[in-house]
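Report on the following structure.
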Amino acid sequence: MPKGKGADAVTLRPFWRLVIAGNDDDAGLQVCPALSPMRLLELIDSLALLNGTDKWEGSASDFERALRSKDSSGMLDRIFVTGQAAGRMLTELARVSPSRVERTNWGGTSHYRVFAATRR
């Protein structure tokens with residue numbers, strides 16, 4: 001019986017399928033993937049963090065408090081599940097979208113500036 005060495009290749013047609021699943025309870029939503037940095041920018045804009053100004057600035061804790069004050073649905077409870085979540089997300093945003101988020105170090109503490117989407 002041939003082992004495949006020196007045999008002709010066989011081309012197969014892929015059998016594609018897509019599965020979409022929905023979670024309608026809090027426990028199911030907790031297993032959803034982490035929020036992407038670009039989705040966080042959309043959330044910043046939709047919750048009007050900047051509120052008509054050209055920038056917001058402060059610590060990660062300040063950022064979380066400011067966003068939570070604008071969130072009437074409790075959606076952020078599922079996003080900021082640890083004390084370090086806001087800082088990690090802002091640091092990642094500063095890396096992938098430096099025109100929107102800047103990170104500086106003030107006396108050993110990270111300080112962030114979030115700019116409006118229209119900034120050049």
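Ordered as shown in the structure tokens, chains take letters A, B, and onward, while each chain numbers its residues from 1 and ligands are numbered from 1 in the order shown.
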
#### Entry: Secondary structure check, alpha helix (DSSP H) residues of chain A, as a PyMOL selection string
chain A and resi 26-29+37-46+60-70+85-96

### Task
Determine, counting only C-alpha atoms, which protein, DNA and RNA residues have an atom within 10 Å of an atom of Arg65 (chain A); residues of the same chain fewer than 6 positions away are not included. Present the result as a ChimeraX atom specification.
/A:59,71,86

Give me the residues near Asp54 (chain A) as a PDB file with N, CA and C atoms, in the first residue's frame, where near means some atom within 9 Å (using only C-alpha atoms) and where sequence neighbours in that chain fewer than 4 positions away do not count.
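Dumped everything to around.pdb:
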```
ATOM      1  N   LEU A  50     -15.181  63.098  25.140  1.00  0.00           N
ATOM      2  CA  LEU A  50     -14.581  64.423  24.940  1.00  0.00           C
ATOM      3  C   LEU A  50     -15.606  65.545  25.059  1.00  0.00           C
ATOM      4  N   VAL A 114      -6.449  61.603  25.295  1.00  0.00           N
ATOM      5  CA  VAL A 114      -7.312  61.036  24.253  1.00  0.00           C
ATOM      6  C   VAL A 114      -7.793  62.221  23.423  1.00  0.00           C
ATOM      7  N   PHE A 115      -7.526  62.154  22.121  1.00  0.00           N
ATOM      8  CA  PHE A 115      -7.846  63.257  21.231  1.00  0.00           C
ATOM      9  C   PHE A 115      -9.092  62.948  20.391  1.00  0.00           C
ATOM     10  N   ALA A 116      -9.724  64.012  19.928  1.00  0.00           N
ATOM     11  CA  ALA A 116     -10.899  63.874  19.063  1.00  0.00           C
ATOM     12  C   ALA A 116     -10.524  63.192  17.761  1.00  0.00           C
ATOM     13  N   ALA A 117     -11.476  62.535  17.152  1.00  0.00           N
ATOM     14  CA  ALA A 117     -11.233  61.790  15.913  1.00  0.00           C
ATOM     15  C   ALA A 117     -10.794  62.688  14.775  1.00  0.00           C
ATOM     16  N   THR A 118     -11.137  63.949  14.818  1.00  0.00           N
ATOM     17  CA  THR A 118     -10.820  64.867  13.716  1.00  0.00           C
ATOM     18  C   THR A 118      -9.430  65.481  13.839  1.00  0.00           C
ATOM     19  N   ARG A 119      -8.669  65.117  14.869  1.00  0.00           N
ATOM     20  CA  ARG A 119      -7.317  65.663  15.065  1.00  0.00           C
ATOM     21  C   ARG A 119      -6.409  65.247  13.918  1.00  0.00           C
TER      22      ARG A 119
END
```

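Distance check against Thr104 (chain A) using only C-alpha atoms: of A:Arg88, A:Ser46, A:Gly22, A:Glu57, the minimum falls on A:Glu57.
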
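CA of Gln84 (chain A) to CA of Ala60 (chain A) spans 8.2 Å [interatomic distance, one decimal].
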
### Message
Between A:Leu93, A:Val81, A:Leu67, A:Val101, which residue has the minimum interatomic distance to Arg39 (chain A), considering only C-alpha atoms?
### Response
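Checking each of A:Leu93, A:Val81, A:Leu67, A:Val101 against Arg39 (chain A), counting only C-alpha atoms, the winner is A:Leu93.
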
### Task
Would you please give, as number ranges by chain, all residues of region 58-116 of chain A that DSSP assigns to strand (DSSP E) based on the backbone?
A: 58, 101-106, 109-115

Residue selection dump (C-alpha atoms) as a short mmCIF file (atom, residue, chain, number, x, y, z; two decimals), in the first residue's frame:
```cif
data_model
loop_
_atom_site.label_atom_id
_atom_site.label_comp_id
_atom_site.auth_asym_id
_atom_site.auth_seq_id
_atom_site.Cartn_x
_atom_site.Cartn_y
_atom_site.Cartn_z
CA GLY A 58 -5.81 61.96 33.01
CA VAL A 101 -4.17 58.41 22.29
CA GLU A 102 -0.84 59.48 23.80
CA ARG A 103 0.78 57.98 26.88
CA THR A 104 3.34 59.81 28.99
CA ASN A 105 4.96 59.04 32.32
CA TRP A 106 4.47 61.52 35.14
CA THR A 109 2.44 57.04 36.78
CA SER A 110 1.06 56.73 33.28
CA HIS A 111 -0.86 59.75 32.06
CA TYR A 112 -3.02 59.60 28.93
CA ARG A 113 -4.37 62.10 26.43
CA VAL A 114 -7.31 61.04 24.25
CA PHE A 115 -7.85 63.26 21.23
#
```

### Residue with smallest distance to Ala94 (chain A) - pool A:Trp16, A:Ala9, A:Gly107, A:Met38, counting only C-alpha atoms
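Smallest separation from Ala94 (chain A) among the options: A:Met38.
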
### Task
Using CA of Asp77 (chain A) and CA of Glu92 (chain A) as the two end points, give the distance in Å to one decimal.
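Calculated distance between CA of Asp77 (chain A) and CA of Glu92 (chain A) is 19.6 Å.
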